[in-house]
file query-v4.cif (mmCIF, C-alpha atoms)
data_query
loop_
_atom_site.group_PDB
_atom_site.id
_atom_site.type_symbol
_atom_site.label_atom_id
_atom_site.label_comp_id
_atom_site.auth_asym_id
_atom_site.auth_seq_id
_atom_site.Cartn_x
_atom_site.Cartn_y
_atom_site.Cartn_z
ATOM 1 C CA GLY A 182 7.406 84.239 61.622
ATOM 2 C CA ARG A 183 9.557 82.611 59.015
ATOM 3 C CA ASN A 184 8.717 83.167 55.356
ATOM 4 C CA LEU A 185 8.790 79.981 53.336
ATOM 5 C CA GLU A 186 9.426 79.885 49.618
ATOM 6 C CA PRO A 187 6.539 78.787 47.397
ATOM 7 C CA LEU A 188 6.682 75.470 45.572
ATOM 8 C CA PRO A 189 8.314 75.624 42.155
ATOM 9 C CA LEU A 190 6.271 74.774 39.090
ATOM 10 C CA GLU A 191 8.562 71.825 38.459
ATOM 11 C CA THR A 192 11.787 70.403 39.783
ATOM 12 C CA ALA A 193 14.955 70.549 37.748
ATOM 13 C CA LEU A 194 16.965 67.424 37.059
ATOM 14 C CA SER A 195 19.709 67.089 34.496
ATOM 15 C CA ASP A 196 18.925 64.977 31.463
ATOM 16 C CA SER A 197 21.258 62.253 32.658
ATOM 17 C CA VAL A 198 22.093 61.212 36.200
ATOM 18 C CA GLU A 199 25.608 59.917 36.711
ATOM 19 C CA VAL A 200 25.543 56.278 37.776
ATOM 20 C CA LYS A 201 28.573 54.184 38.678
ATOM 21 C CA GLY A 202 29.023 50.511 39.422
ATOM 22 C CA GLY A 203 27.427 47.351 38.189
ATOM 23 C CA PRO A 204 26.537 44.706 37.372
ATOM 24 C CA ARG A 205 24.302 44.334 40.475
ATOM 25 C CA VAL A 206 25.161 47.375 42.653
ATOM 26 C CA PHE A 207 24.835 50.918 41.306
ATOM 27 C CA ARG A 208 25.416 54.356 42.817
ATOM 28 C CA SER A 209 23.905 57.654 41.794
ATOM 29 C CA PRO A 210 24.952 60.861 43.620
ATOM 30 C CA HIS A 211 22.741 60.169 46.679
ATOM 31 C CA PHE A 212 21.560 56.552 46.350
ATOM 32 C CA GLU A 213 22.967 53.054 46.174
ATOM 33 C CA PHE A 214 20.673 50.395 44.793
ATOM 34 C CA ARG A 215 21.190 46.661 44.526
ATOM 35 C CA ASN A 216 19.527 44.265 42.129
ATOM 36 C CA ASP A 217 19.111 40.537 42.614
ATOM 37 C CA ARG A 218 18.979 40.110 38.819
ATOM 38 C CA ASP A 219 20.838 41.508 35.862
ATOM 39 C CA VAL A 220 19.213 44.750 34.783
ATOM 40 C CA SER A 221 19.327 46.701 31.557
ATOM 41 C CA PRO A 222 21.115 50.054 31.245
ATOM 42 C CA ALA A 223 17.632 51.569 30.738
ATOM 43 C CA PHE A 224 16.517 50.140 34.113
ATOM 44 C CA VAL A 225 19.562 51.610 35.857
ATOM 45 C CA ALA A 226 19.164 55.022 34.211
ATOM 46 C CA GLU A 227 15.434 55.238 34.964
ATOM 47 C CA ALA A 228 15.775 53.998 38.559
ATOM 48 C CA ALA A 229 18.532 56.572 39.215
ATOM 49 C CA ARG A 230 16.366 59.361 37.777
ATOM 50 C CA ILE A 231 13.403 58.333 39.958
ATOM 51 C CA TYR A 232 15.550 58.188 43.097
ATOM 52 C CA GLU A 233 17.339 61.465 42.446
ATOM 53 C CA GLY A 234 14.201 63.177 41.119
ATOM 54 C CA THR A 235 12.226 62.265 44.244
ATOM 55 C CA LEU A 236 14.968 63.668 46.463
ATOM 56 C CA ALA A 237 15.048 66.866 44.369
ATOM 57 C CA ALA A 238 11.242 67.167 44.680
ATOM 58 C CA LEU A 239 11.460 66.722 48.456
ATOM 59 C CA HIS A 240 14.168 69.396 48.620
ATOM 60 C CA ALA A 241 11.913 71.715 46.572
ATOM 61 C CA ILE A 242 9.152 71.574 49.197
ATOM 62 C CA PRO A 243 9.834 74.398 51.692
ATOM 63 C CA HIS A 244 9.892 72.316 54.885
ATOM 64 C CA GLY A 245 13.248 73.338 56.355
ATOM 65 C CA LEU A 246 14.215 69.730 57.181
ATOM 66 C CA GLU A 247 17.676 68.322 56.623
ATOM 67 C CA LEU A 248 17.466 65.224 54.452
ATOM 68 C CA ALA A 249 20.661 63.178 54.561
ATOM 69 C CA PRO A 250 21.619 59.492 54.403
ATOM 70 C CA PRO A 251 21.578 57.642 57.726
ATOM 71 C CA GLU A 252 24.470 58.276 60.069
ATOM 72 C CA GLY A 253 27.541 56.338 58.974
ATOM 73 C CA GLN A 254 26.304 55.972 55.385
ATOM 74 C CA THR A 255 27.249 58.053 52.361
ATOM 75 C CA HIS A 256 24.178 57.039 50.307
ATOM 76 C CA PHE A 257 20.557 56.059 50.851
ATOM 77 C CA ARG A 258 20.318 52.308 50.160
ATOM 78 C CA GLY A 259 17.734 50.394 48.176
ATOM 79 C CA ARG A 260 17.238 46.920 46.805
ATOM 80 C CA PHE A 261 15.128 45.611 43.928
ATOM 81 C CA LEU A 262 13.925 42.029 44.394
ATOM 82 C CA ASP A 263 11.955 39.293 42.707
ATOM 83 C CA GLU A 264 8.357 39.260 43.909
ATOM 84 C CA THR A 265 8.714 35.929 45.752
ATOM 85 C CA ASP A 266 11.752 37.097 47.747
ATOM 86 C CA PHE A 267 10.107 40.440 48.491
ATOM 87 C CA ASP A 268 6.850 38.783 49.648
ATOM 88 C CA MET A 269 8.783 36.513 52.003
ATOM 89 C CA ILE A 270 10.575 39.473 53.628
ATOM 90 C CA ALA A 271 7.407 41.599 53.761
ATOM 91 C CA GLU A 272 5.425 38.798 55.425
ATOM 92 C CA GLU A 273 8.222 38.184 57.926
ATOM 93 C CA ARG A 274 8.477 41.881 58.785
ATOM 94 C CA MET A 275 4.847 42.939 58.634
ATOM 95 C CA GLY A 276 2.658 39.875 58.636
ATOM 96 C CA THR A 277 -0.175 39.832 56.128
ATOM 97 C CA LEU A 278 -3.528 41.525 55.988
ATOM 98 C CA PRO A 279 -6.289 39.690 54.098
ATOM 99 C CA GLY A 280 -6.796 41.210 50.656
ATOM 100 C CA GLN A 281 -3.888 43.608 50.964
ATOM 101 C CA ARG A 282 -0.627 43.358 49.043
ATOM 102 C CA VAL A 283 2.534 45.172 50.104
ATOM 103 C CA VAL A 284 4.247 46.685 47.053
ATOM 104 C CA GLY A 285 7.219 48.429 48.675
ATOM 105 C CA LEU A 286 8.811 48.442 52.100
ATOM 106 C CA TYR A 287 11.197 50.741 53.939
ATOM 107 C CA LEU A 288 13.063 48.860 56.667
ATOM 108 C CA SER A 289 13.802 51.449 59.334
ATOM 109 C CA ASP A 290 16.183 49.164 61.261
ATOM 110 C CA SER A 291 18.540 48.545 58.321
ATOM 111 C CA LYS A 292 17.650 51.877 56.630
ATOM 112 C CA GLU A 293 17.011 50.070 53.358
ATOM 113 C CA LEU A 294 14.221 50.396 50.812
ATOM 114 C CA LEU A 295 12.931 47.147 49.272
ATOM 115 C CA VAL A 296 10.857 47.171 46.075
ATOM 116 C CA PRO A 297 9.831 44.180 43.949
ATOM 117 C CA TYR A 298 10.361 44.548 40.212
ATOM 118 C CA SER A 299 6.642 43.853 39.740
ATOM 119 C CA SER A 300 5.701 47.097 41.560
ATOM 120 C CA LEU A 301 7.478 49.046 38.848
ATOM 121 C CA GLY A 302 6.068 47.141 35.933
ATOM 122 C CA ALA A 303 9.612 46.027 35.103
ATOM 123 C CA LYS A 304 9.767 43.270 32.512
ATOM 124 C CA GLN A 305 12.231 40.542 31.672
ATOM 125 C CA LEU A 306 13.779 41.384 28.309
ATOM 126 C CA GLY A 307 16.179 38.662 27.236
ATOM 127 C CA SER A 308 18.437 37.968 30.203
ATOM 128 C CA ARG A 309 17.821 41.344 31.918
ATOM 129 C CA MET A 310 15.090 43.227 33.715
ATOM 130 C CA THR A 311 14.148 46.475 32.017
ATOM 131 C CA LEU A 312 12.117 49.471 33.107
ATOM 132 C CA ARG A 313 10.367 51.683 30.614
ATOM 133 C CA LYS A 314 9.809 55.407 31.037
ATOM 134 C CA SER A 315 6.071 54.706 30.932
ATOM 135 C CA SER A 316 6.222 52.368 33.958
ATOM 136 C CA ASP A 317 4.205 53.281 37.055
ATOM 137 C CA THR A 318 6.786 54.508 39.544
ATOM 138 C CA SER A 319 4.394 55.911 42.173
ATOM 139 C CA THR A 320 5.146 53.060 44.617
ATOM 140 C CA LEU A 321 8.871 53.672 44.343
ATOM 141 C CA VAL A 322 8.405 57.434 44.826
ATOM 142 C CA HIS A 323 6.187 56.825 47.887
ATOM 143 C CA GLU A 324 8.765 54.533 49.499
ATOM 144 C CA ILE A 325 11.702 56.824 48.635
ATOM 145 C CA VAL A 326 9.948 59.615 50.560
ATOM 146 C CA HIS A 327 9.856 57.383 53.653
ATOM 147 C CA GLN A 328 13.481 56.431 53.132
ATOM 148 C CA VAL A 329 14.725 59.995 52.753
ATOM 149 C CA MET A 330 12.657 61.127 55.755
ATOM 150 C CA HIS A 331 14.094 58.331 57.963
ATOM 151 C CA ASP A 332 15.371 60.713 60.674
ATOM 152 C CA TRP A 333 11.979 62.410 60.877
ATOM 153 C CA LEU A 334 9.687 59.353 60.835
ATOM 154 C CA PRO A 335 9.685 58.964 64.652
ATOM 155 C CA VAL A 336 9.037 62.702 65.095
ATOM 156 C CA PHE A 337 6.093 63.263 62.765
ATOM 157 C CA PRO A 338 2.659 61.675 63.108
ATOM 158 C CA THR A 339 1.954 58.833 60.691
ATOM 159 C CA TRP A 340 -0.637 60.914 58.809
ATOM 160 C CA PHE A 341 2.044 63.487 57.957
ATOM 161 C CA SER A 342 4.665 61.064 56.637
ATOM 162 C CA GLU A 343 2.054 59.015 54.741
ATOM 163 C CA GLY A 344 0.426 62.174 53.403
ATOM 164 C CA LEU A 345 3.731 63.573 52.152
ATOM 165 C CA ALA A 346 4.621 60.234 50.535
ATOM 166 C CA GLU A 347 1.205 60.003 48.837
ATOM 167 C CA TYR A 348 1.385 63.639 47.749
ATOM 168 C CA LEU A 349 4.741 63.224 46.020
ATOM 169 C CA ALA A 350 3.690 59.874 44.507
ATOM 170 C CA SER A 351 0.635 61.567 42.973
ATOM 171 C CA ILE A 352 2.547 64.442 41.357
ATOM 172 C CA PRO A 353 3.035 63.881 37.636
ATOM 173 C CA ASN A 354 6.691 63.326 36.843
ATOM 174 C CA GLN A 355 8.594 62.692 33.673
ATOM 175 C CA ASN A 356 12.141 61.415 33.692
ATOM 176 C CA GLY A 357 12.533 62.396 37.354
ATOM 177 C CA ARG A 358 11.132 65.939 36.901
ATOM 178 C CA PHE A 359 8.132 66.563 39.130
ATOM 179 C CA MET A 360 5.433 68.984 37.888
ATOM 180 C CA PHE A 361 3.803 70.567 40.932
ATOM 181 C CA ARG A 362 0.228 71.748 40.355
ATOM 182 C CA TYR A 363 -1.599 74.268 42.470
#

call {"tool": "encode", "arguments": {"input": "query-v4.cif", "output": "structure tokens"}}
result
Amino acid sequence: GRNLEPLPLETALSDSVEVKGGPRVFRSPHFEFRNDRDVSPAFVAEAARIYEGTLAALHAIPHGLELAPPEGQTHFRGRFLDETDFDMIAEERMGTLPGQRVVGLYLSDSKELLVPYSSLGAKQLGSRMTLRKSSDTSTLVHEIVHQVMHDWLPVFPTWFSEGLAEYLASIPNQNGRFMFRY
């Protein structure tokens, strides 16, 4: 059999993630994310750390899977939207279930992750949206797992992909560093 490495105690992520672009489209090393509003530098920095930190945490799990952007793309793509626009797309794509609210959506056909600002606890500060380090990012982490696992989603049973997404979303993380607990 194949010996797998144990999980690390925590993932490593540099203190700052390089982000290029703006004012509405930004690129970190592995992700491109679009915003339908002006966002603060703090929002951009924190979003990039969450994206890159989630990918680093997935790479730290000894699964042996190759995790790469979709064929023909150099980056995983995401989009942050106002709640009204997000709800319209979510209802069109998924329909609605009574009493249930969709808070993030990975579109497998366009290979794009959609997240409303409200799911992150982002707030309007002056003319820009801002995201604080204390914001709840578990929804974004959950959806990033689905996005990064796009090639494997048709292969694995739903319980596996949902379980992995929930597992990573439940791991405490600070500034994109995930602290695995055993």

call {"tool": "resolve_selection", "arguments": {"input": "query-v4.cif", "expression": "the PyMOL selection byres ((chain A and resi 247) around 12)", "output": "list in words"}}
result
Leu236, Leu239, His240, Ile242, Pro243, His244, Gly245, Leu246, Leu248, Ala249, Pro250, Pro251, Val329, Met330, His331, Asp332 and Trp333 of chain A

call {"tool": "residues_near_point", "arguments": {"input": "query-v4.cif", "point": "(15.0, 49.3, 48.7)", "cutoff": "10 Å", "atoms": "all atoms listed in the file", "output": "ChimeraX atom specification"}}
result
/A:213-216,257-262,285-288,292-297,321,324-325,328

call {"tool": "write_last_selection", "arguments": {"input": "query-v4.cif", "atoms": "C-alpha atoms", "output": "PDB file, in the frame of the given file"}}
result
ATOM      1  CA  GLU A 213      22.967  53.054  46.174  1.00  0.00           C
ATOM      2  CA  PHE A 214      20.673  50.395  44.793  1.00  0.00           C
ATOM      3  CA  ARG A 215      21.190  46.661  44.526  1.00  0.00           C
ATOM      4  CA  ASN A 216      19.527  44.265  42.129  1.00  0.00           C
ATOM      5  CA  PHE A 257      20.557  56.059  50.851  1.00  0.00           C
ATOM      6  CA  ARG A 258      20.318  52.308  50.160  1.00  0.00           C
ATOM      7  CA  GLY A 259      17.734  50.394  48.176  1.00  0.00           C
ATOM      8  CA  ARG A 260      17.238  46.920  46.805  1.00  0.00           C
ATOM      9  CA  PHE A 261      15.128  45.611  43.928  1.00  0.00           C
ATOM     10  CA  LEU A 262      13.925  42.029  44.394  1.00  0.00           C
ATOM     11  CA  GLY A 285       7.219  48.429  48.675  1.00  0.00           C
ATOM     12  CA  LEU A 286       8.811  48.442  52.100  1.00  0.00           C
ATOM     13  CA  TYR A 287      11.197  50.741  53.939  1.00  0.00           C
ATOM     14  CA  LEU A 288      13.063  48.860  56.667  1.00  0.00           C
ATOM     15  CA  LYS A 292      17.650  51.877  56.630  1.00  0.00           C
ATOM     16  CA  GLU A 293      17.011  50.070  53.358  1.00  0.00           C
ATOM     17  CA  LEU A 294      14.221  50.396  50.812  1.00  0.00           C
ATOM     18  CA  LEU A 295      12.931  47.147  49.272  1.00  0.00           C
ATOM     19  CA  VAL A 296      10.857  47.171  46.075  1.00  0.00           C
ATOM     20  CA  PRO A 297       9.831  44.180  43.949  1.00  0.00           C
ATOM     21  CA  LEU A 321       8.871  53.672  44.343  1.00  0.00           C
ATOM     22  CA  GLU A 324       8.765  54.533  49.499  1.00  0.00           C
ATOM     23  CA  ILE A 325      11.702  56.824  48.635  1.00  0.00           C
ATOM     24  CA  GLN A 328      13.481  56.431  53.132  1.00  0.00           C
TER      25      GLN A 328
END

call {"tool": "closest_residue", "arguments": {"input": "query-v4.cif", "among": "A:Arg282, A:Arg274, A:Arg358, A:His327", "to": "Val198 in chain A", "atoms": "only C-alpha atoms"}}
result
A:Arg358

call {"tool": "atom_distance", "arguments": {"input": "query-v4.cif", "atom1": "CA of Pro204 in chain A", "atom2": "CA of Thr318 in chain A"}}
result
22.2 Å

call {"tool": "atom_distance", "arguments": {"input": "query-v4.cif", "atom1": "CA of Ala237 in chain A", "atom2": "CA of Pro210 in chain A"}}
result
11.6 Å

call {"tool": "closest_residue", "arguments": {"input": "query-v4.cif", "among": "A:Gln355, A:Ser308, A:Thr235, A:Ser291", "to": "Gln254 in chain A", "atoms": "all atoms listed in the file"}}
result
A:Ser291

call {"tool": "resolve_selection", "arguments": {"input": "query-v4.cif", "expression": "the PyMOL selection byres ((chain A and resi 238) around 12)", "output": "short mmCIF file (atom, residue, chain, number, x, y, z; two decimals) with C-alpha atoms, in the frame of the given file"}}
result
data_model
loop_
_atom_site.label_atom_id
_atom_site.label_comp_id
_atom_site.auth_asym_id
_atom_site.auth_seq_id
_atom_site.Cartn_x
_atom_site.Cartn_y
_atom_site.Cartn_z
CA LEU A 188 6.68 75.47 45.57
CA PRO A 189 8.31 75.62 42.16
CA LEU A 190 6.27 74.77 39.09
CA GLU A 191 8.56 71.82 38.46
CA THR A 192 11.79 70.40 39.78
CA ALA A 193 14.96 70.55 37.75
CA LEU A 194 16.96 67.42 37.06
CA ARG A 230 16.37 59.36 37.78
CA ILE A 231 13.40 58.33 39.96
CA TYR A 232 15.55 58.19 43.10
CA GLU A 233 17.34 61.46 42.45
CA GLY A 234 14.20 63.18 41.12
CA THR A 235 12.23 62.26 44.24
CA LEU A 236 14.97 63.67 46.46
CA ALA A 237 15.05 66.87 44.37
CA LEU A 239 11.46 66.72 48.46
CA HIS A 240 14.17 69.40 48.62
CA ALA A 241 11.91 71.72 46.57
CA ILE A 242 9.15 71.57 49.20
CA PRO A 243 9.83 74.40 51.69
CA HIS A 244 9.89 72.32 54.88
CA LEU A 248 17.47 65.22 54.45
CA VAL A 322 8.40 57.43 44.83
CA HIS A 323 6.19 56.82 47.89
CA ILE A 325 11.70 56.82 48.64
CA VAL A 326 9.95 59.62 50.56
CA VAL A 329 14.72 60.00 52.75
CA LEU A 345 3.73 63.57 52.15
CA ALA A 346 4.62 60.23 50.54
CA TYR A 348 1.38 63.64 47.75
CA LEU A 349 4.74 63.22 46.02
CA ALA A 350 3.69 59.87 44.51
CA ILE A 352 2.55 64.44 41.36
CA PRO A 353 3.04 63.88 37.64
CA ASN A 354 6.69 63.33 36.84
CA GLY A 357 12.53 62.40 37.35
CA ARG A 358 11.13 65.94 36.90
CA PHE A 359 8.13 66.56 39.13
CA MET A 360 5.43 68.98 37.89
CA PHE A 361 3.80 70.57 40.93
#
